[in-house]
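Dumped my_file04.pdb below, it's PDB, C-alpha atoms:
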```
MODEL        1
ATOM      1  CA  ASP A   1     118.271  49.534 359.604  1.00  0.00           C
ATOM      2  CA  ALA A   2     115.135  51.651 359.364  1.00  0.00           C
ATOM      3  CA  GLY A   3     112.623  49.115 360.662  1.00  0.00           C
ATOM      4  CA  ILE A   4     113.405  46.383 358.167  1.00  0.00           C
ATOM      5  CA  THR A   5     114.000  42.799 359.191  1.00  0.00           C
ATOM      6  CA  GLN A   6     115.161  40.100 356.831  1.00  0.00           C
ATOM      7  CA  SER A   7     114.949  36.437 357.724  1.00  0.00           C
ATOM      8  CA  PRO A   8     116.795  34.205 357.767  1.00  0.00           C
ATOM      9  CA  ARG A   9     120.140  36.008 357.899  1.00  0.00           C
ATOM     10  CA  HIS A  10     121.972  32.959 356.578  1.00  0.00           C
ATOM     11  CA  LYS A  11     120.751  29.879 354.773  1.00  0.00           C
ATOM     12  CA  VAL A  12     122.407  26.895 353.173  1.00  0.00           C
ATOM     13  CA  THR A  13     120.262  24.724 350.959  1.00  0.00           C
ATOM     14  CA  GLU A  14     120.550  22.113 348.258  1.00  0.00           C
ATOM     15  CA  THR A  15     119.941  22.444 344.550  1.00  0.00           C
ATOM     16  CA  GLY A  16     116.329  21.809 343.641  1.00  0.00           C
ATOM     17  CA  THR A  17     114.795  22.709 346.983  1.00  0.00           C
ATOM     18  CA  PRO A  18     112.353  25.600 347.413  1.00  0.00           C
ATOM     19  CA  VAL A  19     113.482  28.551 349.495  1.00  0.00           C
ATOM     20  CA  THR A  20     111.535  31.512 350.862  1.00  0.00           C
ATOM     21  CA  LEU A  21     113.120  34.681 352.162  1.00  0.00           C
ATOM     22  CA  ARG A  22     111.106  37.120 354.201  1.00  0.00           C
ATOM     23  CA  CYS A  23     111.265  40.886 354.463  1.00  0.00           C
ATOM     24  CA  HIS A  24     109.287  42.548 357.224  1.00  0.00           C
ATOM     25  CA  GLN A  25     108.951  46.320 357.669  1.00  0.00           C
ATOM     26  CA  THR A  26     107.490  48.398 360.446  1.00  0.00           C
ATOM     27  CA  GLU A  27     107.533  51.692 358.510  1.00  0.00           C
ATOM     28  CA  ASN A  28     104.264  51.196 356.628  1.00  0.00           C
ATOM     29  CA  HIS A  29     106.077  52.107 353.403  1.00  0.00           C
ATOM     30  CA  ARG A  30     104.316  51.475 350.129  1.00  0.00           C
ATOM     31  CA  TYR A  31     107.190  50.241 347.999  1.00  0.00           C
ATOM     32  CA  MET A  32     109.296  47.156 348.675  1.00  0.00           C
ATOM     33  CA  TYR A  33     112.126  45.716 346.621  1.00  0.00           C
ATOM     34  CA  TRP A  34     114.242  42.588 346.411  1.00  0.00           C
ATOM     35  CA  TYR A  35     117.804  42.901 345.128  1.00  0.00           C
ATOM     36  CA  ARG A  36     120.622  40.437 344.830  1.00  0.00           C
ATOM     37  CA  GLN A  37     124.242  41.462 345.276  1.00  0.00           C
ATOM     38  CA  ASP A  38     127.025  39.710 343.398  1.00  0.00           C
ATOM     39  CA  PRO A  39     130.660  40.753 342.978  1.00  0.00           C
ATOM     40  CA  GLY A  40     131.170  42.833 339.866  1.00  0.00           C
ATOM     41  CA  HIS A  41     127.438  43.309 339.338  1.00  0.00           C
ATOM     42  CA  GLY A  42     126.474  45.552 342.195  1.00  0.00           C
ATOM     43  CA  LEU A  43     122.836  45.198 343.127  1.00  0.00           C
ATOM     44  CA  ARG A  44     120.347  43.902 340.590  1.00  0.00           C
ATOM     45  CA  LEU A  45     116.606  44.211 340.993  1.00  0.00           C
ATOM     46  CA  ILE A  46     114.698  40.937 341.178  1.00  0.00           C
ATOM     47  CA  HIS A  47     111.126  42.062 341.875  1.00  0.00           C
ATOM     48  CA  TYR A  48     109.417  44.984 343.483  1.00  0.00           C
ATOM     49  CA  SER A  49     106.029  45.761 344.947  1.00  0.00           C
ATOM     50  CA  TYR A  50     104.055  48.991 344.742  1.00  0.00           C
ATOM     51  CA  GLY A  51     101.286  47.892 347.062  1.00  0.00           C
ATOM     52  CA  VAL A  52      99.530  44.895 348.540  1.00  0.00           C
ATOM     53  CA  LYS A  53      99.181  42.240 345.843  1.00  0.00           C
ATOM     54  CA  ASP A  54     100.839  44.584 343.325  1.00  0.00           C
ATOM     55  CA  THR A  55     104.217  43.395 342.104  1.00  0.00           C
ATOM     56  CA  ASP A  56     106.365  43.666 339.023  1.00  0.00           C
ATOM     57  CA  LYS A  57     109.475  42.056 337.608  1.00  0.00           C
ATOM     58  CA  GLY A  58     112.940  43.481 337.719  1.00  0.00           C
ATOM     59  CA  GLU A  59     116.070  42.863 335.725  1.00  0.00           C
ATOM     60  CA  VAL A  60     116.805  39.325 337.008  1.00  0.00           C
ATOM     61  CA  SER A  61     113.414  37.855 337.850  1.00  0.00           C
ATOM     62  CA  ASP A  62     113.781  34.430 336.202  1.00  0.00           C
ATOM     63  CA  GLY A  63     113.595  31.653 338.808  1.00  0.00           C
ATOM     64  CA  TYR A  64     112.085  33.931 341.443  1.00  0.00           C
ATOM     65  CA  SER A  65     108.557  34.738 342.541  1.00  0.00           C
ATOM     66  CA  VAL A  66     107.246  37.170 345.132  1.00  0.00           C
ATOM     67  CA  SER A  67     104.149  37.754 347.163  1.00  0.00           C
ATOM     68  CA  ARG A  68     102.848  40.621 349.220  1.00  0.00           C
ATOM     69  CA  SER A  69      99.651  39.814 351.061  1.00  0.00           C
ATOM     70  CA  LYS A  70     100.008  42.651 353.582  1.00  0.00           C
ATOM     71  CA  THR A  71     101.845  45.935 353.662  1.00  0.00           C
ATOM     72  CA  GLU A  72     104.552  44.865 356.063  1.00  0.00           C
ATOM     73  CA  ASP A  73     105.677  41.599 354.452  1.00  0.00           C
ATOM     74  CA  PHE A  74     107.316  40.888 351.100  1.00  0.00           C
ATOM     75  CA  LEU A  75     108.310  37.303 350.415  1.00  0.00           C
ATOM     76  CA  LEU A  76     110.842  36.133 347.852  1.00  0.00           C
ATOM     77  CA  THR A  77     110.592  32.507 346.746  1.00  0.00           C
ATOM     78  CA  LEU A  78     113.072  30.449 344.809  1.00  0.00           C
ATOM     79  CA  GLU A  79     110.864  27.671 343.459  1.00  0.00           C
ATOM     80  CA  SER A  80     113.765  25.313 342.790  1.00  0.00           C
ATOM     81  CA  ALA A  81     117.076  26.710 343.945  1.00  0.00           C
ATOM     82  CA  THR A  82     120.108  26.564 341.668  1.00  0.00           C
ATOM     83  CA  SER A  83     123.769  27.216 342.391  1.00  0.00           C
ATOM     84  CA  SER A  84     123.577  30.417 340.317  1.00  0.00           C
ATOM     85  CA  GLN A  85     121.210  31.786 342.939  1.00  0.00           C
ATOM     86  CA  THR A  86     123.909  31.720 345.583  1.00  0.00           C
ATOM     87  CA  SER A  87     124.078  35.379 346.515  1.00  0.00           C
ATOM     88  CA  VAL A  88     123.373  38.007 349.128  1.00  0.00           C
ATOM     89  CA  TYR A  89     119.770  39.142 348.981  1.00  0.00           C
ATOM     90  CA  PHE A  90     118.709  42.578 350.137  1.00  0.00           C
ATOM     91  CA  CYS A  91     115.269  43.910 350.787  1.00  0.00           C
ATOM     92  CA  ALA A  92     114.649  47.639 350.474  1.00  0.00           C
ATOM     93  CA  ILE A  93     111.689  49.865 351.201  1.00  0.00           C
ATOM     94  CA  ARG A  94     110.603  53.328 350.109  1.00  0.00           C
ATOM     95  CA  GLY A  95     107.800  55.573 351.226  1.00  0.00           C
ATOM     96  CA  LEU A  96     105.374  57.148 348.782  1.00  0.00           C
ATOM     97  CA  MET A  97     107.032  60.557 348.900  1.00  0.00           C
ATOM     98  CA  GLU A  98     110.535  59.297 349.559  1.00  0.00           C
ATOM     99  CA  GLU A  99     113.262  59.498 346.970  1.00  0.00           C
ATOM    100  CA  LYS A 100     115.689  57.087 348.574  1.00  0.00           C
ATOM    101  CA  LEU A 101     115.715  53.419 349.503  1.00  0.00           C
ATOM    102  CA  PHE A 102     116.215  51.985 352.976  1.00  0.00           C
ATOM    103  CA  PHE A 103     117.904  48.601 353.075  1.00  0.00           C
ATOM    104  CA  GLY A 104     117.723  45.593 355.332  1.00  0.00           C
ATOM    105  CA  SER A 105     120.825  43.796 356.567  1.00  0.00           C
ATOM    106  CA  GLY A 106     120.691  41.093 353.921  1.00  0.00           C
ATOM    107  CA  THR A 107     120.352  37.323 353.673  1.00  0.00           C
ATOM    108  CA  GLN A 108     123.363  35.239 352.678  1.00  0.00           C
ATOM    109  CA  LEU A 109     122.050  32.290 350.652  1.00  0.00           C
ATOM    110  CA  SER A 110     124.252  29.394 349.603  1.00  0.00           C
ATOM    111  CA  VAL A 111     122.892  26.774 347.218  1.00  0.00           C
ATOM    112  CA  LEU A 112     125.041  23.640 347.164  1.00  0.00           C
TER     113      LEU A 112
ATOM    114  CA  ALA B   1     117.412  51.155 329.512  1.00  0.00           C
ATOM    115  CA  GLN B   2     119.320  52.942 332.188  1.00  0.00           C
ATOM    116  CA  SER B   3     122.796  51.937 333.301  1.00  0.00           C
ATOM    117  CA  VAL B   4     125.450  53.031 335.754  1.00  0.00           C
ATOM    118  CA  ALA B   5     129.198  52.650 335.415  1.00  0.00           C
ATOM    119  CA  GLN B   6     131.816  52.935 338.120  1.00  0.00           C
ATOM    120  CA  PRO B   7     135.075  52.691 336.210  1.00  0.00           C
ATOM    121  CA  GLU B   8     137.265  51.905 339.215  1.00  0.00           C
ATOM    122  CA  ASP B   9     136.919  48.674 341.171  1.00  0.00           C
ATOM    123  CA  GLN B  10     139.242  49.985 343.857  1.00  0.00           C
ATOM    124  CA  VAL B  11     140.370  53.429 344.996  1.00  0.00           C
ATOM    125  CA  ASN B  12     143.217  53.851 347.452  1.00  0.00           C
ATOM    126  CA  VAL B  13     143.883  57.156 349.166  1.00  0.00           C
ATOM    127  CA  ALA B  14     145.960  58.291 352.113  1.00  0.00           C
ATOM    128  CA  GLU B  15     144.200  59.591 355.179  1.00  0.00           C
ATOM    129  CA  GLY B  16     143.806  63.344 355.035  1.00  0.00           C
ATOM    130  CA  ASN B  17     143.960  63.489 351.245  1.00  0.00           C
ATOM    131  CA  PRO B  18     140.972  64.317 349.061  1.00  0.00           C
ATOM    132  CA  LEU B  19     139.106  61.409 347.526  1.00  0.00           C
ATOM    133  CA  THR B  20     137.007  60.974 344.399  1.00  0.00           C
ATOM    134  CA  VAL B  21     134.895  57.979 343.449  1.00  0.00           C
ATOM    135  CA  LYS B  22     133.680  58.162 339.871  1.00  0.00           C
ATOM    136  CA  CYS B  23     130.258  57.421 338.441  1.00  0.00           C
ATOM    137  CA  THR B  24     128.739  57.859 334.990  1.00  0.00           C
ATOM    138  CA  TYR B  25     125.186  57.027 334.000  1.00  0.00           C
ATOM    139  CA  SER B  26     122.847  56.579 331.076  1.00  0.00           C
ATOM    140  CA  VAL B  27     119.087  57.202 331.269  1.00  0.00           C
ATOM    141  CA  SER B  28     116.275  57.963 328.884  1.00  0.00           C
ATOM    142  CA  GLY B  29     114.588  60.600 331.015  1.00  0.00           C
ATOM    143  CA  ASN B  30     115.567  62.888 333.851  1.00  0.00           C
ATOM    144  CA  PRO B  31     117.910  61.164 336.290  1.00  0.00           C
ATOM    145  CA  TYR B  32     117.597  60.974 340.011  1.00  0.00           C
ATOM    146  CA  LEU B  33     121.090  60.127 341.243  1.00  0.00           C
ATOM    147  CA  PHE B  34     122.229  58.581 344.508  1.00  0.00           C
ATOM    148  CA  TRP B  35     125.267  57.422 346.389  1.00  0.00           C
ATOM    149  CA  TYR B  36     125.116  54.622 348.942  1.00  0.00           C
ATOM    150  CA  VAL B  37     127.799  53.155 351.186  1.00  0.00           C
ATOM    151  CA  GLN B  38     128.084  49.585 352.431  1.00  0.00           C
ATOM    152  CA  TYR B  39     130.135  48.581 355.447  1.00  0.00           C
ATOM    153  CA  PRO B  40     131.056  44.895 355.950  1.00  0.00           C
ATOM    154  CA  ASN B  41     128.085  42.604 356.645  1.00  0.00           C
ATOM    155  CA  ARG B  42     125.641  45.503 356.505  1.00  0.00           C
ATOM    156  CA  GLY B  43     122.994  46.747 354.145  1.00  0.00           C
ATOM    157  CA  LEU B  44     123.467  49.829 352.036  1.00  0.00           C
ATOM    158  CA  GLN B  45     123.175  53.238 353.673  1.00  0.00           C
ATOM    159  CA  PHE B  46     122.108  56.398 351.871  1.00  0.00           C
ATOM    160  CA  LEU B  47     124.771  59.104 351.526  1.00  0.00           C
ATOM    161  CA  LEU B  48     123.312  61.751 349.231  1.00  0.00           C
ATOM    162  CA  LYS B  49     121.110  62.404 346.238  1.00  0.00           C
ATOM    163  CA  TYR B  50     120.690  64.738 343.300  1.00  0.00           C
ATOM    164  CA  ILE B  51     117.166  65.445 342.133  1.00  0.00           C
ATOM    165  CA  THR B  52     117.289  68.978 340.775  1.00  0.00           C
ATOM    166  CA  GLY B  53     118.864  72.330 341.511  1.00  0.00           C
ATOM    167  CA  ASP B  54     122.454  73.015 342.535  1.00  0.00           C
ATOM    168  CA  ASN B  55     124.876  70.667 340.795  1.00  0.00           C
ATOM    169  CA  LEU B  56     126.916  70.245 343.971  1.00  0.00           C
ATOM    170  CA  VAL B  57     125.067  68.298 346.612  1.00  0.00           C
ATOM    171  CA  LYS B  58     126.212  67.664 350.157  1.00  0.00           C
ATOM    172  CA  GLY B  59     125.475  64.549 352.130  1.00  0.00           C
ATOM    173  CA  SER B  60     126.318  62.558 355.203  1.00  0.00           C
ATOM    174  CA  TYR B  61     129.764  62.213 356.818  1.00  0.00           C
ATOM    175  CA  GLY B  62     131.244  65.160 354.883  1.00  0.00           C
ATOM    176  CA  PHE B  63     130.696  63.654 351.445  1.00  0.00           C
ATOM    177  CA  GLU B  64     129.561  65.669 348.448  1.00  0.00           C
ATOM    178  CA  ALA B  65     128.889  64.896 344.813  1.00  0.00           C
ATOM    179  CA  GLU B  66     128.903  66.933 341.648  1.00  0.00           C
ATOM    180  CA  PHE B  67     126.305  66.418 338.949  1.00  0.00           C
ATOM    181  CA  ASN B  68     127.539  67.110 335.425  1.00  0.00           C
ATOM    182  CA  LYS B  69     124.795  66.782 332.856  1.00  0.00           C
ATOM    183  CA  SER B  70     126.991  67.186 329.773  1.00  0.00           C
ATOM    184  CA  GLN B  71     129.347  64.453 330.928  1.00  0.00           C
ATOM    185  CA  THR B  72     126.533  62.369 332.471  1.00  0.00           C
ATOM    186  CA  SER B  73     128.618  62.016 335.600  1.00  0.00           C
ATOM    187  CA  PHE B  74     127.968  62.127 339.318  1.00  0.00           C
ATOM    188  CA  HIS B  75     131.316  61.800 341.085  1.00  0.00           C
ATOM    189  CA  LEU B  76     131.520  61.398 344.858  1.00  0.00           C
ATOM    190  CA  LYS B  77     134.066  63.537 346.674  1.00  0.00           C
ATOM    191  CA  LYS B  78     135.402  64.294 350.111  1.00  0.00           C
ATOM    192  CA  PRO B  79     138.020  66.947 350.896  1.00  0.00           C
ATOM    193  CA  SER B  80     139.836  64.940 353.576  1.00  0.00           C
ATOM    194  CA  ALA B  81     139.540  61.149 353.789  1.00  0.00           C
ATOM    195  CA  LEU B  82     139.292  59.214 357.042  1.00  0.00           C
ATOM    196  CA  VAL B  83     140.269  55.603 357.661  1.00  0.00           C
ATOM    197  CA  SER B  84     136.659  55.024 358.726  1.00  0.00           C
ATOM    198  CA  ASP B  85     135.529  55.968 355.194  1.00  0.00           C
ATOM    199  CA  SER B  86     136.901  52.645 353.963  1.00  0.00           C
ATOM    200  CA  ALA B  87     133.901  50.786 352.541  1.00  0.00           C
ATOM    201  CA  LEU B  88     132.121  49.792 349.347  1.00  0.00           C
ATOM    202  CA  TYR B  89     130.429  52.662 347.519  1.00  0.00           C
ATOM    203  CA  PHE B  90     127.583  52.354 345.073  1.00  0.00           C
ATOM    204  CA  CYS B  91     126.246  54.896 342.627  1.00  0.00           C
ATOM    205  CA  ALA B  92     122.609  54.475 341.621  1.00  0.00           C
ATOM    206  CA  VAL B  93     120.185  56.098 339.202  1.00  0.00           C
ATOM    207  CA  ARG B  94     116.445  56.203 339.139  1.00  0.00           C
ATOM    208  CA  ASP B  95     115.169  56.781 335.630  1.00  0.00           C
ATOM    209  CA  MET B  96     112.036  58.887 335.953  1.00  0.00           C
ATOM    210  CA  GLY B  97     111.231  58.249 332.310  1.00  0.00           C
ATOM    211  CA  ASP B  98     111.046  54.486 332.668  1.00  0.00           C
ATOM    212  CA  ASN B  99     108.313  52.422 334.338  1.00  0.00           C
ATOM    213  CA  TYR B 100     107.124  55.294 336.524  1.00  0.00           C
ATOM    214  CA  GLY B 101     110.600  55.591 337.992  1.00  0.00           C
ATOM    215  CA  GLN B 102     110.342  52.425 340.039  1.00  0.00           C
ATOM    216  CA  ASN B 103     113.631  50.957 338.973  1.00  0.00           C
ATOM    217  CA  PHE B 104     116.729  51.976 340.882  1.00  0.00           C
ATOM    218  CA  VAL B 105     119.761  50.782 338.931  1.00  0.00           C
ATOM    219  CA  PHE B 106     123.037  50.359 340.788  1.00  0.00           C
ATOM    220  CA  GLY B 107     126.609  50.434 339.575  1.00  0.00           C
ATOM    221  CA  PRO B 108     128.992  47.556 340.329  1.00  0.00           C
ATOM    222  CA  GLY B 109     130.513  49.324 343.305  1.00  0.00           C
ATOM    223  CA  THR B 110     133.909  50.826 344.115  1.00  0.00           C
ATOM    224  CA  ARG B 111     135.900  49.689 347.103  1.00  0.00           C
ATOM    225  CA  LEU B 112     137.521  52.627 348.860  1.00  0.00           C
ATOM    226  CA  SER B 113     140.530  52.000 351.047  1.00  0.00           C
ATOM    227  CA  VAL B 114     141.856  54.861 353.118  1.00  0.00           C
ATOM    228  CA  LEU B 115     145.358  54.153 354.331  1.00  0.00           C
ATOM    229  CA  PRO B 116     146.605  55.572 357.641  1.00  0.00           C
TER     230      PRO B 116
ENDMDL
END
```
As structure tokens, please, write out the structure in this file.
Amino acid sequence: DAGITQSPRHKVTETGTPVTLRCHQTENHRYMYWYRQDPGHGLRLIHYSYGVKDTDKGEVSDGYSVSRSKTEDFLLTLESATSSQTSVYFCAIRGLMEEKLFFGSGTQLSVL
Amino acid sequence: AQSVAQPEDQVNVAEGNPLTVKCTYSVSGNPYLFWYVQYPNRGLQFLLKYITGDNLVKGSYGFEAEFNKSQTSFHLKKPSALVSDSALYFCAVRDMGDNYGQNFVFGPGTRLSVLP
């Protein structure tokens, strides 16, 4: 999957607990994205980054925060997980001159 | 705001027959259009894109798509379906007139089943 590693691959947590998902790339690509995938909704953008320490909100950013302290890592944090955040989370990357996204294998998150 | 519609949740086709997966879009500026495929428990994989030029674009695994500006459509096609084409297909648009084109908007997906 194009030098993208998401961790963990699966996580079960309880409502109200903080959760951090990690996306690590070895491609040195500038842009990184977090999407969530839910049946009937396709993929919806949570946050994206256009450089180190440069991030912006997507369509469904409420309840999520991100950080990018170095090019290769993009962290997604759920400050206080809710059941509505049960989903499959995908990280994607894109190079400066690239038109397309490359996706990681996803993280299945269950909030009980 | 941009949006993508895939009017069919499910498409069934017999192996060897032609297949079409439909996509329509709405953007404020010039669209960059994409098709991605997702196999079970995997991330999305790029199939093809339309940026400019010829309205018929060819991509991976024998797939092609036709851009129709007047109908704001970008339907995915393949002349002869294979059982291995069975997967979830997503149409996506990147609106170059919105937020420096950073937002890739995806449709809800269409599940393609190719029957032997």
query: Any idea which chain A residues end up within 9 Å of chain B if we count all atoms listed in the file, as number ranges by chain please?
result: A: 1, 31, 38-45, 48, 50, 58, 90-91, 99-106
Starting from the point (113.1, 40.1, 355.5), work out which residues of protein, DNA or RNA have an atom no more than 9 Å away when counting all atoms listed in the file; state them as a PDB file with C-alpha atoms, keeping the file's coordinate frame.
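So the final result, stored in selection.pdb, reads:
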```
ATOM      1  CA  ILE A   4     113.405  46.383 358.167  1.00  0.00           C
ATOM      2  CA  THR A   5     114.000  42.799 359.191  1.00  0.00           C
ATOM      3  CA  GLN A   6     115.161  40.100 356.831  1.00  0.00           C
ATOM      4  CA  SER A   7     114.949  36.437 357.724  1.00  0.00           C
ATOM      5  CA  PRO A   8     116.795  34.205 357.767  1.00  0.00           C
ATOM      6  CA  ARG A   9     120.140  36.008 357.899  1.00  0.00           C
ATOM      7  CA  LEU A  21     113.120  34.681 352.162  1.00  0.00           C
ATOM      8  CA  ARG A  22     111.106  37.120 354.201  1.00  0.00           C
ATOM      9  CA  CYS A  23     111.265  40.886 354.463  1.00  0.00           C
ATOM     10  CA  HIS A  24     109.287  42.548 357.224  1.00  0.00           C
ATOM     11  CA  GLN A  25     108.951  46.320 357.669  1.00  0.00           C
ATOM     12  CA  ASP A  73     105.677  41.599 354.452  1.00  0.00           C
ATOM     13  CA  PHE A  74     107.316  40.888 351.100  1.00  0.00           C
ATOM     14  CA  LEU A  75     108.310  37.303 350.415  1.00  0.00           C
ATOM     15  CA  LEU A  76     110.842  36.133 347.852  1.00  0.00           C
ATOM     16  CA  PHE A  90     118.709  42.578 350.137  1.00  0.00           C
ATOM     17  CA  CYS A  91     115.269  43.910 350.787  1.00  0.00           C
ATOM     18  CA  GLY A 104     117.723  45.593 355.332  1.00  0.00           C
ATOM     19  CA  SER A 105     120.825  43.796 356.567  1.00  0.00           C
ATOM     20  CA  GLY A 106     120.691  41.093 353.921  1.00  0.00           C
ATOM     21  CA  THR A 107     120.352  37.323 353.673  1.00  0.00           C
TER      22      THR A 107
END
```
query: Do you have the CA of Leu78 (chain A)-CA of His29 (chain A) distance handy?
result: 24.3 Å
- request: Take the point (116.7, 71.8, 338.9) in the file's coordinates, draw a sphere of radius 12 Å around it, and report as a ChimeraX atom specification every protein, DNA or RNA residue with an atom inside or on it, counting all atoms listed in the file.
  value: /B:30-32,50-57,67,69
- prompt: Can you list, as JSON, numbers by chain, the residues that the PyMOL selection byres ((chain A and resi 70) around 9) selects here?
  reply: {"A": [51, 52, 53, 68, 69, 71, 72, 73, 74]}
Output check: residues returned by the PyMOL selection byres ((chain B and resi 19) around 9), as JSON, numbers by chain: {"B": [11, 12, 13, 14, 17, 18, 20, 21, 76, 77, 78, 79, 80, 81]}
Draw an axis-aligned box tight on the listed atoms of region 7-23 of chain B, then pad every side by 3 Å and write out centre and edge lengths in Å to one decimal as lines of an AutoDock Vina configuration file.
```
center_x = 138.1
center_y = 56.5
center_z = 345.7
size_x = 21.7
size_y = 21.6
size_z = 25.0
```
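CA of Val60 (chain A) is found 13.4 Å from CA of Thr77 (chain A).
The spacing separating CA of His47 (chain A) from CA of Ser61 (chain A) amounts to 6.3 Å.
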Taking the file as I've supplied it (selection: the PyMOL selection byres ((chain A and resi 84) around 10)), which residues are included? Please answer as a PDB file with C-alpha atoms, in the frame of the given file.
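File produced: selection.pdb:
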```pdb
ATOM      1  CA  THR A  15     119.941  22.444 344.550  1.00  0.00           C
ATOM      2  CA  ALA A  81     117.076  26.710 343.945  1.00  0.00           C
ATOM      3  CA  THR A  82     120.108  26.564 341.668  1.00  0.00           C
ATOM      4  CA  SER A  83     123.769  27.216 342.391  1.00  0.00           C
ATOM      5  CA  GLN A  85     121.210  31.786 342.939  1.00  0.00           C
ATOM      6  CA  THR A  86     123.909  31.720 345.583  1.00  0.00           C
ATOM      7  CA  SER A  87     124.078  35.379 346.515  1.00  0.00           C
ATOM      8  CA  SER A 110     124.252  29.394 349.603  1.00  0.00           C
ATOM      9  CA  VAL A 111     122.892  26.774 347.218  1.00  0.00           C
ATOM     10  CA  LEU A 112     125.041  23.640 347.164  1.00  0.00           C
TER      11      LEU A 112
END
```
Counting only C-alpha atoms, what is within 10 Å of Asp85 (chain B), bar same-chain residues fewer than 5 positions away, as a compact mmCIF listing (two decimals) with C-alpha atoms, in the frame of the given file?
```
# COMPACT_ATOMS: atom_id res chain seq x y z
CA GLU B 15 144.20 59.59 355.18
CA VAL B 37 127.80 53.16 351.19
CA TYR B 39 130.14 48.58 355.45
CA TYR B 61 129.76 62.21 356.82
CA PHE B 63 130.70 63.65 351.44
CA LYS B 78 135.40 64.29 350.11
CA LEU B 112 137.52 52.63 348.86
CA SER B 113 140.53 52.00 351.05
CA VAL B 114 141.86 54.86 353.12
```
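Using only C-alpha atoms, the nearest neighbour of Ser26 (chain B) within the list B:Glu8, B:Glu64, B:Val93, B:Val83 is B:Val93.
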